[in-house]
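K.L.:
My structure file start_18.cif, mmCIF, C-alpha atoms, is below:
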data_run
#
loop_
_atom_site.label_atom_id
_atom_site.label_comp_id
_atom_site.auth_asym_id
_atom_site.auth_seq_id
_atom_site.Cartn_x
_atom_site.Cartn_y
_atom_site.Cartn_z
CA MET A 13 -0.65 -124.32 113.84
CA LYS A 14 0.42 -122.21 116.81
CA ALA A 15 -1.08 -118.81 117.52
CA ASP A 16 2.23 -117.00 116.95
CA ALA A 17 2.20 -118.21 113.33
CA LEU A 18 -0.87 -116.02 112.97
CA ASN A 19 1.02 -112.88 113.95
CA GLY A 20 -0.29 -109.99 111.90
CA GLN A 21 -2.81 -112.19 110.08
CA LEU A 22 -5.64 -112.34 112.59
CA ASP A 23 -7.14 -108.99 111.53
CA PRO A 24 -7.52 -109.85 107.82
CA LEU A 25 -8.81 -113.31 108.74
CA ILE A 26 -11.52 -111.72 110.90
CA LEU A 27 -12.33 -109.19 108.19
CA ALA A 28 -12.64 -111.95 105.59
CA THR A 29 -14.91 -113.93 107.90
CA VAL A 30 -17.19 -110.98 108.70
CA ALA A 31 -17.24 -109.91 105.04
CA GLU A 32 -19.24 -113.06 104.23
CA GLU A 33 -22.02 -112.14 106.62
CA PRO A 34 -22.40 -110.07 109.81
CA ALA A 35 -21.79 -112.24 112.87
CA HIS A 36 -21.20 -112.24 116.62
CA GLY A 37 -17.90 -113.23 118.24
CA TYR A 38 -18.61 -116.93 118.74
CA ALA A 39 -19.92 -117.35 115.19
CA ILE A 40 -16.85 -115.58 113.77
CA LEU A 41 -14.62 -117.97 115.67
CA GLN A 42 -16.58 -121.01 114.49
CA ARG A 43 -16.31 -119.87 110.87
CA LEU A 44 -12.57 -119.34 111.29
CA LYS A 45 -12.22 -122.88 112.65
CA GLU A 46 -14.36 -124.44 109.96
CA ARG A 47 -12.68 -122.71 107.06
CA SER A 48 -9.21 -123.50 108.39
CA SER A 49 -10.20 -127.10 109.27
CA GLY A 50 -9.28 -126.32 112.86
CA ALA A 51 -5.69 -125.46 111.95
CA PHE A 52 -5.43 -122.32 114.10
CA ASP A 53 -4.66 -123.05 117.72
CA LEU A 54 -5.40 -119.69 119.34
CA ALA A 55 -6.94 -118.79 122.69
CA GLU A 56 -10.54 -118.07 121.76
CA GLY A 57 -10.68 -114.93 123.89
CA THR A 58 -8.03 -113.21 121.76
CA ILE A 59 -10.59 -112.61 119.04
CA TYR A 60 -12.50 -110.08 121.17
CA PRO A 61 -9.75 -107.47 121.67
CA ALA A 62 -9.09 -107.80 117.93
CA LEU A 63 -12.77 -107.17 117.18
CA HIS A 64 -12.76 -104.09 119.42
CA ARG A 65 -9.58 -102.81 117.76
CA LEU A 66 -10.99 -103.31 114.25
CA GLU A 67 -14.13 -101.47 115.27
CA ARG A 68 -12.12 -98.63 116.80
CA ASP A 69 -10.15 -98.36 113.56
CA GLY A 70 -13.38 -98.09 111.57
CA LEU A 71 -12.92 -101.41 109.74
CA LEU A 72 -15.86 -103.05 111.51
CA SER A 73 -19.06 -101.68 112.97
CA SER A 74 -21.21 -103.38 115.57
CA SER A 75 -24.62 -103.24 117.16
CA TRP A 76 -26.59 -105.16 119.75
CA SER A 77 -29.15 -107.69 118.64
CA THR A 78 -31.39 -109.97 120.66
CA ASP A 79 -31.52 -113.66 119.82
CA SER A 80 -33.67 -116.02 121.93
CA GLY A 81 -33.73 -113.38 124.65
CA ARG A 82 -29.94 -113.12 124.65
CA ARG A 83 -28.15 -109.89 123.85
CA ARG A 84 -25.25 -110.28 121.49
CA ARG A 85 -22.94 -107.91 119.68
CA VAL A 86 -23.07 -108.41 115.93
CA TYR A 87 -20.17 -107.17 113.79
CA SER A 88 -20.36 -106.01 110.17
CA ILE A 89 -17.61 -104.97 107.82
CA THR A 90 -17.47 -101.28 106.81
CA ARG A 91 -16.49 -99.83 103.47
CA ALA A 92 -13.04 -99.04 104.87
CA GLY A 93 -12.83 -102.64 106.12
CA THR A 94 -13.65 -104.00 102.66
CA SER A 95 -10.94 -101.84 101.09
CA SER A 96 -8.44 -102.88 103.75
CA LEU A 97 -9.32 -106.54 103.19
CA GLU A 98 -8.70 -106.22 99.45
CA VAL A 99 -5.27 -104.72 100.10
CA ARG A 100 -4.40 -107.45 102.60
CA ARG A 101 -5.56 -110.18 100.20
CA HIS A 102 -3.34 -108.80 97.47
CA GLU A 103 -0.36 -108.55 99.83
CA TRP A 104 -0.93 -112.11 101.07
CA LYS A 105 -1.09 -113.54 97.55
CA GLN A 106 2.18 -111.84 96.65
CA PHE A 107 3.79 -113.11 99.86
CA ALA A 108 2.52 -116.68 99.38
CA ARG A 109 3.74 -116.75 95.75
CA ALA A 110 7.19 -115.60 96.83
CA ILE A 111 7.41 -118.21 99.60
CA GLU A 112 6.23 -120.95 97.28
CA ALA A 113 8.78 -119.95 94.66
CA VAL A 114 11.56 -120.39 97.21
CA MET A 115 10.27 -123.39 99.14
CA GLY A 116 9.03 -125.27 96.11
CA MET B 3 -15.51 -117.84 141.36
CA SER B 4 -16.35 -118.17 137.66
CA TRP B 5 -14.16 -117.34 134.69
CA LEU B 6 -16.34 -114.29 134.01
CA ASP B 7 -15.97 -113.12 137.61
CA ASP B 8 -12.20 -113.39 137.23
CA LEU B 9 -12.30 -111.42 134.00
CA SER B 10 -14.55 -108.79 135.57
CA GLY B 11 -12.11 -108.40 138.48
CA GLU B 12 -9.14 -108.13 136.12
CA LEU B 13 -10.89 -105.52 133.97
CA ARG B 14 -11.84 -103.55 137.08
CA ALA B 15 -8.26 -103.75 138.35
CA ARG B 16 -7.18 -102.11 135.09
CA ARG B 17 -9.74 -99.33 135.60
CA MET B 18 -11.71 -100.25 132.55
CA PRO B 19 -14.72 -97.90 132.32
CA ARG B 20 -17.94 -99.55 133.46
CA ARG B 21 -19.66 -99.18 130.08
CA VAL B 22 -16.81 -100.91 128.24
CA ARG B 23 -16.47 -103.56 130.94
CA HIS B 24 -20.18 -104.30 130.72
CA ARG B 25 -19.99 -104.74 126.95
CA ILE B 26 -16.96 -107.06 127.16
CA LEU B 27 -18.59 -109.20 129.82
CA LEU B 28 -21.84 -109.46 127.85
CA GLU B 29 -19.94 -110.57 124.75
CA LEU B 30 -17.95 -113.16 126.65
CA ARG B 31 -21.04 -114.37 128.52
CA ASP B 32 -22.77 -114.90 125.18
CA HIS B 33 -19.71 -116.83 123.96
CA ILE B 34 -19.80 -119.13 126.99
CA GLU B 35 -23.55 -119.65 126.68
CA CYS B 36 -23.06 -120.72 123.05
CA GLU B 37 -20.79 -123.53 124.25
CA PRO B 38 -20.93 -124.17 128.00
CA GLY B 39 -17.62 -125.33 129.42
CA CYS B 40 -15.46 -123.54 126.84
CA GLU B 41 -13.89 -121.19 129.42
CA ASP B 42 -10.54 -122.97 129.29
CA ARG B 43 -10.24 -122.26 125.60
CA LEU B 44 -10.95 -118.56 126.09
CA GLY B 45 -7.55 -118.19 127.72
CA ASP B 46 -6.29 -116.59 130.91
CA PRO B 47 -8.64 -113.80 132.16
CA ARG B 48 -5.67 -111.68 133.20
CA GLU B 49 -4.02 -111.85 129.78
CA LEU B 50 -7.31 -111.08 128.10
CA ALA B 51 -7.88 -108.07 130.38
CA VAL B 52 -4.39 -106.81 129.57
CA SER B 53 -5.13 -107.10 125.84
CA PHE B 54 -8.34 -105.12 126.26
CA ALA B 55 -6.62 -102.52 128.44
CA ASP B 56 -3.92 -102.03 125.80
CA GLU B 57 -6.51 -101.45 123.11
CA LEU B 58 -8.60 -99.16 125.26
CA ALA B 59 -5.73 -97.05 126.58
CA THR B 60 -4.64 -96.29 123.05
CA SER B 61 -8.10 -95.07 122.16
CA GLU B 62 -8.40 -93.19 125.46
CA GLY B 63 -5.31 -91.19 124.57
CA THR B 64 -6.65 -90.41 121.14
CA LEU B 65 -10.01 -89.41 122.57
CA ALA B 66 -8.35 -87.19 125.18
CA ALA B 67 -6.22 -85.47 122.55
CA TRP B 68 -9.19 -85.03 120.22
CA ARG B 69 -11.44 -83.59 122.94
CA ALA B 70 -8.76 -81.20 124.16
CA LEU B 71 -8.01 -79.97 120.64
CA ARG B 72 -11.67 -79.48 119.78
CA ARG B 73 -12.09 -77.26 122.86
CA ARG B 74 -8.92 -75.24 122.32
CA ARG B 75 -10.78 -72.00 121.39
CA VAL B 76 -13.33 -72.16 124.19
CA ALA B 77 -12.84 -69.46 126.84
CA SER B 78 -13.77 -71.68 129.77
CA LEU B 79 -14.65 -75.31 130.28
CA PRO B 80 -16.71 -77.14 132.90
CA ALA B 81 -14.54 -78.83 135.50
CA GLU B 82 -16.24 -82.15 134.63
CA GLU B 83 -14.99 -81.92 131.05
CA ILE B 84 -11.46 -81.16 132.14
CA GLY B 85 -11.80 -84.10 134.52
CA LEU B 86 -12.74 -86.39 131.64
CA ILE B 87 -9.74 -85.28 129.57
CA HIS B 88 -7.58 -85.73 132.65
CA ARG B 89 -8.80 -89.30 133.28
CA ARG B 90 -8.34 -90.31 129.64
CA ALA B 91 -4.88 -88.79 129.47
CA ARG B 92 -3.96 -90.62 132.69
CA ALA B 93 -5.05 -93.98 131.24
CA ALA B 94 -3.12 -93.27 128.04
CA LEU B 95 -0.06 -92.24 129.99
CA ALA B 96 -0.10 -95.47 132.01
CA ALA B 97 -0.27 -97.47 128.77
CA GLY B 98 2.56 -95.38 127.34
CA PHE B 99 4.81 -96.17 130.30
CA ALA B 100 3.93 -99.87 130.05
CA THR B 101 4.81 -99.84 126.35
CA MET B 102 8.15 -98.12 126.99
CA ALA B 103 8.97 -100.64 129.73
CA GLY B 104 8.05 -103.47 127.36
CA LEU B 105 10.36 -102.11 124.66
CA GLU B 106 13.25 -101.81 127.09
CA LEU B 107 12.65 -105.39 128.26
CA TYR B 108 12.60 -106.49 124.63
CA VAL B 109 16.01 -104.89 124.13
CA VAL B 110 17.39 -106.68 127.20
CA ASP B 111 15.81 -110.05 126.37
CA PHE B 112 16.99 -110.10 122.77
CA SER B 113 20.35 -108.43 123.30
CA GLU B 114 22.23 -111.55 122.18
CA ARG B 115 20.04 -112.42 119.22
CA LEU B 116 19.36 -109.17 117.38
CA PRO B 117 21.80 -106.76 115.68
CA ALA B 118 23.24 -104.05 117.91
CA TRP B 119 22.09 -101.24 115.60
CA TRP B 120 18.48 -102.40 115.86
CA LEU B 121 18.61 -102.77 119.63
CA GLY B 122 20.23 -99.34 119.91
CA LEU B 123 17.56 -97.81 117.71
CA VAL B 124 14.67 -99.39 119.63
CA GLY B 125 16.21 -98.65 123.03
CA GLY B 126 17.06 -95.08 122.02
CA LEU B 127 13.62 -94.34 120.65
CA ALA B 128 12.00 -95.85 123.74
CA ALA B 129 14.21 -93.67 125.95
CA VAL B 130 13.32 -90.53 123.97
CA ALA B 131 9.62 -91.41 124.16
CA GLY B 132 10.11 -92.03 127.89
CA VAL B 133 11.37 -88.45 128.33
CA GLY B 134 8.23 -87.20 126.56
CA LEU B 135 6.07 -89.36 128.79
CA PHE B 136 7.74 -88.04 131.94
CA ALA B 137 7.16 -84.47 130.72
CA ALA B 138 3.51 -85.36 130.04
CA ALA B 139 3.19 -86.95 133.48
CA ARG B 140 4.54 -83.79 135.12
CA THR B 141 2.02 -81.65 133.23
CA LEU B 142 -0.74 -84.08 134.08
CA VAL B 143 0.03 -83.87 137.80
CA ARG B 144 0.02 -80.06 137.60
CA ALA B 145 -3.30 -80.07 135.76
CA GLY B 146 -4.67 -82.47 138.38
CA ASP B 147 -3.68 -80.07 141.17
CA ARG B 148 -5.46 -77.18 139.47
CA LEU B 149 -8.49 -79.32 138.82
CA GLY B 150 -8.62 -80.39 142.46
CA ARG B 151 -8.49 -76.76 143.63
CA THR B 152 -11.26 -75.77 141.23
CA ARG B 153 -13.57 -78.57 142.34
CA THR B 154 -13.60 -77.02 145.79
CA GLY B 155 -14.12 -73.51 144.36
CA GLY B 156 -15.88 -72.79 141.06
CA ARG B 157 -17.51 -74.83 138.34
CA HIS B 158 -15.51 -73.54 135.36
CA LEU B 159 -11.83 -73.27 134.55
CA ARG B 160 -10.12 -70.71 132.39
CA ARG B 161 -8.94 -72.23 129.13
CA SER B 162 -5.45 -70.80 129.48
CA ALA B 163 -4.68 -72.93 132.52
CA PRO B 164 -5.66 -76.59 132.71
CA CYS B 165 -7.07 -76.91 129.21
CA SER B 166 -3.67 -76.28 127.70
CA ASP B 167 -2.17 -78.63 130.27
CA GLY B 168 -4.76 -81.27 129.38
CA ALA B 169 -4.12 -80.87 125.66
CA GLY B 170 -0.37 -81.08 126.18
CA CYS B 171 -0.45 -84.18 128.26
CA ALA B 172 -3.09 -85.81 126.08
CA VAL B 173 -1.30 -85.28 122.78
CA VAL B 174 1.89 -87.10 123.76
CA PRO B 175 0.36 -90.42 124.85
CA GLY B 176 -2.50 -89.98 122.37
CA SER B 177 -0.14 -89.96 119.46
#
Take the structure in this file and express it as structure tokens.
P.N.:
Amino acid sequence: MKADALNGQLDPLILATVAEEPAHGYAILQRLKERSSGAFDLAEGTIYPALHRLERDGLLSSSWSTDSGRRRRVYSITRAGTSSLEVRRHEWKQFARAIEAVMG
Amino acid sequence: MSWLDDLSGELRARRMPRRVRHRILLELRDHIECEPGCEDRLGDPRELAVSFADELATSEGTLAAWRALRRRRVASLPAEEIGLIHRRARAALAAGFATMAGLELYVVDFSERLPAWWLGLVGGLAAVAGVGLFAAARTLVRAGDRLGRTRTGGRHLRRSAPCSDGAGCAVVPGS
């Protein structure tokens, strides 16, 4: 699946991934790949501006942690992020139902 | 030159503040260390730097507007603070012009595929926003002149002069 098919959907996908458990950028990407069975063909770097944007918008928060002597930024979902994710899930389900009804 | 060096250069070329640049590079370094050799999949450093600059410039404008509005009742402000508002507004203004140019290019590129009313609306709104940006740029230049004069003279500026200029030019790109 090409990256442009993900237009507008990357943010809720990241929120859903981080909602499971706080994670750093690489781990978020790995979870995205695993759960989609590698279906999303996006440049891996694109996740980072999205993470920064979600943090700026108050949907994610982040802090530094040290793992094996390596500093990494770990992202967690905020209360506003959880609410936003619920809204986006509902919208997606409605959209998917409508598409399925037409496409069969 | 490594992929990270390229990204660092691209971020610096876009005047990304050192603190933000440092954080981005640490995050990407961690990513590469998790899976050595994955640089190709991270994408083009230039495109990534542009994405970060777009995100940052938007927040810079908001921060500039917020700071200027919070200080609106203060009788005088340190020149350094005015300088900070000025730098943030300048970054936001640059992003605003880039966005307007992008919208106009969109109108030209899709002129044969999209309805005329939509193209007219987008082009018109971009042109109107462009006028606002030019007005903001003019105010920003004037505020910069005053700030430059003050740096050679005193340490504080009267609120009625550059602070109002800073607020004016910050609000347009900030919003």
K.L.:
Residues of chain B within 8 Å of chain A, counting only C-alpha atoms - could you list those as a list in words?
P.N.:
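For chain B, the answer reads Leu28, Glu29, Leu30, Asp32, His33, Cys36, Arg43, Leu44, Gly45, Leu50, Ser53, Phe54, Glu57 and Ser61 of chain B.
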K.L.:
Report, in Å with one decimal, the straight-line distance from atom CA of B:Trp68 to atom CA of B:Ala100.
P.N.:
22.1 Å
K.L.:
Show me, as a list of chain:residue names, the residues that have an atom within 12 Å of B:Ser4 when counting only C-alpha atoms, minus same-chain residues fewer than 6 positions from it.
P.N.:
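Counting only C-alpha atoms, the residues come to B:Ser10, B:Gly11, B:Arg31, B:Ile34, B:Gly39, B:Glu41, B:Asp42, B:Pro47.
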K.L.:
Figure out the distance between atom CA of B:Leu9 and atom CA of B:Ala96, please, to one decimal in Å.
P.N.:
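Computed distance, atom CA of B:Ala96 to atom CA of B:Leu9, equals 20.2 Å.
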K.L.:
Separation of atom CA of A:Ser49 and atom CA of A:Thr29, in Å?
P.N.:
14.1 Å
K.L.:
Can you translate the PyMOL selection byres ((chain A and resi 71) around 12) into the concrete residues it hits in this file, as a VMD selection string?
P.N.:
chain A and resid 23 to 24 26 to 28 30 to 31 62 to 70 72 to 74 87 to 97
K.L.:
Within 12 Å of stretch 103-110 of chain A, counting only C-alpha atoms, which residues qualify if same-chain residues fewer than 4 places away don't, as a ChimeraX atom specification?
P.N.:
/A:20-21,24-25,96-99,114-116
K.L.:
Can you work out which one of B:Glu12, B:Asp7, B:Glu35, B:Asp147 has the shortest atom-to-atom distance to B:His88, counting all atoms listed in the file?
P.N.:
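Nearest to B:His88: B:Asp147.
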K.L.:
For the structure shown, which residues end up in the PyMOL selection byres ((chain B and resi 22) around 12)? Put them as a list in words, please?
P.N.:
Pro61 and His64 of chain A; Ser10, Leu13, Arg14, Arg16, Arg17, Met18, Pro19, Arg20, Arg21, Arg23, His24, Arg25, Ile26, Leu27, Leu28, Glu29, Ala51, Phe54, Ala55, Glu57, Leu58, Ala59 and Glu62 of chain B
K.L.:
Missing atoms in stretch 63-74 of chain A need filling: write out N, CA and C atoms for it as a compact mmCIF listing (two decimals), in the coordinates of the input.
P.N.:
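Full text of result-v7.txt as output:
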# COMPACT_ATOMS: atom_id res chain seq x y z
N LEU A 63 -11.51 -107.72 117.69
CA LEU A 63 -12.77 -107.17 117.18
C LEU A 63 -12.94 -105.72 117.63
N HIS A 64 -12.63 -105.46 118.90
CA HIS A 64 -12.76 -104.09 119.42
C HIS A 64 -11.79 -103.15 118.69
N ARG A 65 -10.58 -103.65 118.45
CA ARG A 65 -9.58 -102.81 117.76
C ARG A 65 -10.05 -102.49 116.33
N LEU A 66 -10.54 -103.52 115.63
CA LEU A 66 -10.99 -103.31 114.25
C LEU A 66 -12.17 -102.34 114.21
N GLU A 67 -13.01 -102.41 115.22
CA GLU A 67 -14.13 -101.47 115.27
C GLU A 67 -13.62 -100.05 115.55
N ARG A 68 -12.68 -99.94 116.48
CA ARG A 68 -12.12 -98.63 116.80
C ARG A 68 -11.46 -98.01 115.56
N ASP A 69 -10.83 -98.86 114.75
CA ASP A 69 -10.15 -98.36 113.56
C ASP A 69 -11.10 -98.12 112.38
N GLY A 70 -12.38 -98.38 112.61
CA GLY A 70 -13.38 -98.09 111.57
C GLY A 70 -13.48 -99.17 110.50
N LEU A 71 -12.87 -100.34 110.74
CA LEU A 71 -12.92 -101.41 109.74
C LEU A 71 -14.13 -102.32 109.96
N LEU A 72 -14.64 -102.31 111.19
CA LEU A 72 -15.86 -103.05 111.51
C LEU A 72 -16.81 -102.09 112.22
N SER A 73 -18.09 -102.39 112.13
CA SER A 73 -19.06 -101.68 112.97
C SER A 73 -19.83 -102.75 113.72
N SER A 74 -20.49 -102.37 114.81
CA SER A 74 -21.21 -103.38 115.57
C SER A 74 -22.46 -102.80 116.19
